[in-house]
Amino acid sequence: MTADQLEEQRQRLTAAGQAQALRWWDELDSSGRARLAAQTSRIDLEQLGRLVREWQATQSQLPTDSAAGAEPDSRGSRDSPGSRAARAQPPSDLVRLPQNEAEQAAAAEAWQAGEELLRAGRVAGVLVAGGQGTRLRFDRPKGMYPIGPVSGATLFQLLAEQMLARSRRYEVAIPWLIMTSDATHEETVAYFAEQKNFGLEDSQIHFFRQGNMPAVDDREGRLLLSEKDSLCLSPNGHGGILSALADSGLMTLLAEQGIDFLHYHQVDNPTAVLCDPALLGWHVLRESEMTTKVAARRSGMERMGVVADVDGQTQIIEYSDMPREAATRTDEAGRLLLWAGNMAIHVLSRTFLERLLSQPDALPLHVAHKAVEHLDDAGNCVVPAGPNALKFERFIFDALPQARRALVVEVDRAAEFNPVKNCEGTDTPAESQAGMLQLHRRWLEEAGARVAKTARVEISPLFALDAAETRQRVEPGTSIAEDCRL
Ligand code: UTP
């Protein structure tokens with residue numbers, strides 16, 4: 001950056017009332033100045049100011065009993081999440097778990113259609129692994145968390161082995177696009193290199209890094225500093241995937257390679273079915289632009305996003321945005337009305353992503369009120385006791401209502417949803433491991449094996465990807481008496 005460009009940054013920040021970000025400018029050496037100026041140059045100061053003003057305005061109008069810890073929306077009251085939740089209905093463009101032979105036959109047809117796409121090399125897997133994983137309190141990228149109940153294999157290893165097994169099954173090196181962030185990039189890339197990509201081909205893995213958003217103080221919207229030469233920055237949410245795919249050149253590569261469908265999954269669910277033929281198949285057969293997987297919510301107050309129709313559009317409402325009344329509403333039979341929980345697994349058509357990318361700001365920024373450590377005016381580190389700052393994130397699921405056709409597919413929760421979110425309470429590593437052990441025991445017993453009650457058995461994706469493959473690999477009558485990983 002030239003001296004003129006640095007000066008321009010200084011003037012821009014001063015004009016936006018953000019001169020405090022340069023408080024220590026005169027003390028900084030040239031590399032510190034360049035670092036800070038590079039960070040500030042990427043910020044849309046006008047947009048930031050608007051978001052803060054909108055958030056502050058909604059705070060002053062916040063009804064006292066609106067929701068379970070709901071953050072107000074920055075886009076006006078009718079469109080606020082609370083108001084949308086009140087109008088929400090269960091999703092109508094929906095494939096439920098098959099209940100009879102006809103539905104089973106339709107599911108098999110979808111599966112076959114998905115397998116054809118995979119064999120033809122028209123699918124890429126996309127893993128988002130840029131989150132900071134604060135709730136788990138693990139000081140490395142979450143993907144490096146050892147989760148295999150017997151093997152201690154990490155989340156990354158289990159997911160990579162699944163990609164490898166599926167690539168082998170369809171005789172195609174399925175591209176795997178892995179989104180990292182400044183918080184996770186170096187360690188993630190080094191870990192895959194050290195593990196020799198868990199057997200995947202180098203050319204099949206594409207790391208790409210998402211962008212950041214700054215944190216600002218909640219009273220005046222001033223940019224906070226983590227160091228004298230650095231802003232408080234955090235990853236811009238899983239919705240950051242959209243611009244990151246374009247900026248990294250991957251959108252072009254996908255088009256060049258004839259990859260038409262992206263199968264999106266997160267790092268925290270070891271039993272997610274990667275590049276699921278069934279989900280892909282439903283997506284093409286129903287001519288959907290975005291297809292999302294759901295599982296039944298356990299209760300009205302479960303901390304799981306809700307997939308619902310609002311004014312005829314399918315969308316996902318965060319659990320923190322659900323007023324209790326809407327979250328727990330029941331139908332005449334006493335069943336949970338908004339039963340469909342977001343599993344964060346989606347299929348997106350490439351052409352749909354291209355259309356979103358052609359619109360400015362296709363995915364809105366959400367504001368979160370959080371505790372953020374920062375330097376005070378004297379340069380001392382402040383560790384706030386409660387929320388003091390605003391952070392900004394985009395969510396991939398905001399794409400859903402923009403799809404010309406969106407589809408919702410229900411799956412068996414126990415088999416496919418065992419997320420690792422928290423270090424205590426629900427969705428813990430222990431719960432996820434118990435879920436995996438139960439699932440693998442079920443596959444083995446369905447294959448006719450006898451598994452001792454005390455034996456903990458884990459199945460590697462390289463041994464079997466599902467119950468059907470377990471049946472092919474395990475002789476009926478096989479006896480398993482001790483802990484093992486097959
Ligand atoms: P979560 O919303 O659970 O966030 O991410 P997190 O960062 O992992 O954990 P907490 O909330 O700090 O405890 C869901 C998925 O989205 C990815 C995560 O890596 C995870 O796979 N993600 C999240 C990103 O890739 N980038 C982000 O900016 C946020």
# chains A, B, ... in the order shown; residues from 1 in each chain; ligands from 1
>>> select_by_dssp(residues="stretch 327-442 of chain A", states="helix (DSSP H, G or I)", output="ChimeraX atom specification")
/A:327,350-357,396-402,413-416,429-442
>>> residues_around(residues="A:Ala38", least_positions_apart="3", cutoff="12 Å", atoms="only C-alpha atoms", output="VMD selection string")
chain A and resid 1 to 2 5 to 6 8 to 10 30 to 35 41 to 43 229 to 231
>>> closest_residue(among="A:Ile480, A:Val310, A:Leu353, A:Ala399", to="A:Gln89", atoms="only C-alpha atoms")
A:Val310
>>> residues_near_ligand(ligand="ligand 1", cutoff="7 Å", atoms="only C-alpha atoms and all ligand atoms", output="PyMOL selection string")
chain A and resi 128-136+142+179-181+235-238+240+266-268+393+421-422
>>> write_last_selection(atoms="N, CA and C atoms", output="compact mmCIF listing (two decimals), in the first residue's frame")
# COMPACT_ATOMS: atom_id res chain seq x y z
N VAL A 128 -18.06 -26.42 5.34
CA VAL A 128 -17.73 -25.13 5.95
C VAL A 128 -17.05 -25.40 7.30
N ALA A 129 -15.83 -24.92 7.40
CA ALA A 129 -15.02 -25.20 8.59
C ALA A 129 -14.26 -23.94 9.01
N GLY A 130 -14.97 -22.82 8.94
CA GLY A 130 -14.32 -21.55 9.28
C GLY A 130 -14.76 -21.01 10.63
N GLY A 131 -15.70 -21.71 11.30
CA GLY A 131 -16.25 -21.19 12.55
C GLY A 131 -15.23 -21.24 13.68
N GLN A 132 -15.48 -20.44 14.71
CA GLN A 132 -14.52 -20.36 15.82
C GLN A 132 -14.80 -21.40 16.90
N GLY A 133 -15.95 -22.07 16.81
CA GLY A 133 -16.26 -23.15 17.75
C GLY A 133 -16.17 -22.73 19.21
N THR A 134 -16.65 -21.53 19.51
CA THR A 134 -16.48 -21.01 20.87
C THR A 134 -17.21 -21.86 21.91
N ARG A 135 -18.40 -22.38 21.55
CA ARG A 135 -19.18 -23.11 22.56
C ARG A 135 -18.50 -24.41 22.98
N LEU A 136 -17.72 -24.99 22.09
CA LEU A 136 -17.05 -26.26 22.42
C LEU A 136 -15.82 -26.03 23.31
N LYS A 142 -12.36 -26.79 14.94
CA LYS A 142 -13.27 -27.81 15.46
C LYS A 142 -13.08 -29.16 14.75
N MET A 179 -14.10 -24.74 3.20
CA MET A 179 -13.98 -23.33 3.54
C MET A 179 -13.36 -23.18 4.94
N THR A 180 -12.30 -22.37 4.98
CA THR A 180 -11.64 -22.06 6.24
C THR A 180 -11.78 -20.55 6.47
N SER A 181 -11.23 -20.10 7.60
CA SER A 181 -11.23 -18.66 7.88
C SER A 181 -9.84 -18.32 8.42
N PRO A 235 -14.83 -14.34 11.56
CA PRO A 235 -15.33 -14.84 10.27
C PRO A 235 -16.74 -14.34 9.99
N ASN A 236 -17.04 -14.11 8.72
CA ASN A 236 -18.31 -13.43 8.37
C ASN A 236 -19.51 -14.38 8.24
N GLY A 237 -19.45 -15.53 8.91
CA GLY A 237 -20.60 -16.44 8.93
C GLY A 237 -20.53 -17.45 7.80
N HIS A 238 -21.30 -18.57 7.94
CA HIS A 238 -21.22 -19.57 6.86
C HIS A 238 -21.76 -19.04 5.54
N GLY A 240 -20.74 -16.48 4.30
CA GLY A 240 -19.55 -15.92 3.64
C GLY A 240 -19.09 -16.81 2.50
N GLN A 266 -21.57 -29.30 7.27
CA GLN A 266 -20.78 -28.61 8.29
C GLN A 266 -19.75 -29.54 8.89
N VAL A 267 -18.84 -28.96 9.66
CA VAL A 267 -17.76 -29.75 10.21
C VAL A 267 -18.18 -30.51 11.47
N ASP A 268 -19.32 -30.13 12.05
CA ASP A 268 -19.58 -30.60 13.41
C ASP A 268 -20.50 -31.82 13.52
N GLU A 393 -22.82 -11.39 10.75
CA GLU A 393 -22.63 -12.66 10.03
C GLU A 393 -23.70 -12.84 8.95
N LYS A 421 -21.61 -29.50 19.39
CA LYS A 421 -21.72 -28.03 19.49
C LYS A 421 -21.15 -27.50 20.79
N ASN A 422 -21.54 -28.17 21.90
CA ASN A 422 -21.28 -27.59 23.22
C ASN A 422 -20.37 -28.49 24.05
>>> closest_residue(among="A:Leu164, A:Ala481, A:Ala153, A:Ala272", to="A:Leu127", atoms="only C-alpha atoms")
A:Ala272
>>> closest_residue(among="A:Ala190, A:Ala86, A:Val126, A:Leu225", to="A:Ala160", atoms="only C-alpha atoms")
A:Val126
>>> atom_distance(atom1="atom CA of A:Leu400", atom2="atom CA of A:Thr58")
24.9 Å
>>> residues_around(residues="A:Gln112", least_positions_apart="5", cutoff="12 Å", atoms="only C-alpha atoms", output="list of chain:residue names")
A:Ala105, A:Ala106, A:Ala107, A:Leu117, A:Leu118, A:Arg119, A:Tyr170, A:Asp276, A:Pro277, A:Ala278, A:Leu279, A:Leu280, A:Gly281, A:Trp282, A:Val284, A:Leu285
>>> closest_residue(among="A:Ala21, A:Ala326, A:Leu242, A:Val172", to="A:Ala308", atoms="only C-alpha atoms")
A:Ala326
>>> select_by_dssp(residues="stretch 12-167 of chain A", states="strand (DSSP E)", output="PyMOL selection string")
chain A and resi 94-95+123-128
>>> closest_atom_pairs(of="stretch 212-321 of chain A", to="stretch 329-335 of chain A", cutoff="12 Å", atoms="only C-alpha atoms", output="Markdown table")
| residue | atom | partner | partner_atom | distance |
| --- | --- | --- | --- | --- |
| A:Ala296 | CA | A:Arg335 | CA | 11.1 |
| A:Arg297 | CA | A:Arg335 | CA | 11.1 |
| A:Arg298 | CA | A:Arg335 | CA | 11.2 |
| A:Ser299 | CA | A:Arg335 | CA | 9.9 |
| A:Gly300 | CA | A:Arg329 | CA | 7.5 |
| A:Met301 | CA | A:Arg329 | CA | 10.4 |
>>> residues_around(residues="stretch 463-477 of chain A", least_positions_apart="4", cutoff="9 Å", atoms="only C-alpha atoms", output="VMD selection string")
chain A and resid 162 165 to 166 273 440 442 to 450 459 486
>>> write_last_selection(atoms="C-alpha atoms", output="short mmCIF file (atom, residue, chain, number, x, y, z; two decimals), in the first residue's frame")
data_model
loop_
_atom_site.label_atom_id
_atom_site.label_comp_id
_atom_site.auth_asym_id
_atom_site.auth_seq_id
_atom_site.Cartn_x
_atom_site.Cartn_y
_atom_site.Cartn_z
CA GLN A 162 -16.43 -40.72 4.01
CA ALA A 165 -15.28 -44.12 0.41
CA ARG A 166 -17.89 -42.34 -1.67
CA VAL A 273 -24.16 -38.23 4.88
CA HIS A 440 -23.23 -48.65 14.15
CA ARG A 442 -27.92 -51.02 14.65
CA TRP A 443 -26.19 -51.55 11.27
CA LEU A 444 -24.36 -54.60 12.63
CA GLU A 445 -27.44 -56.13 14.23
CA GLU A 446 -29.44 -55.58 11.05
CA ALA A 447 -26.64 -57.46 9.24
CA GLY A 448 -27.18 -60.38 11.62
CA ALA A 449 -24.11 -59.82 13.82
CA ARG A 450 -24.21 -60.38 17.57
CA ILE A 459 -17.55 -48.50 11.89
CA LEU A 486 -14.23 -52.03 11.89
#
>>> closest_residue(among="A:Val383, A:Asp483, A:Arg350, A:Gly341", to="A:Glu256", atoms="only C-alpha atoms")
A:Arg350
>>> residues_around(residues="stretch 369-381 of chain A", least_positions_apart="4", cutoff="7 Å", atoms="only C-alpha atoms", output="VMD selection string")
chain A and resid 224 to 227 232 386 to 391
>>> closest_residue(among="A:Val150, A:Leu254, A:Leu356, A:Leu223", to="A:Thr14", atoms="only C-alpha atoms")
A:Leu223
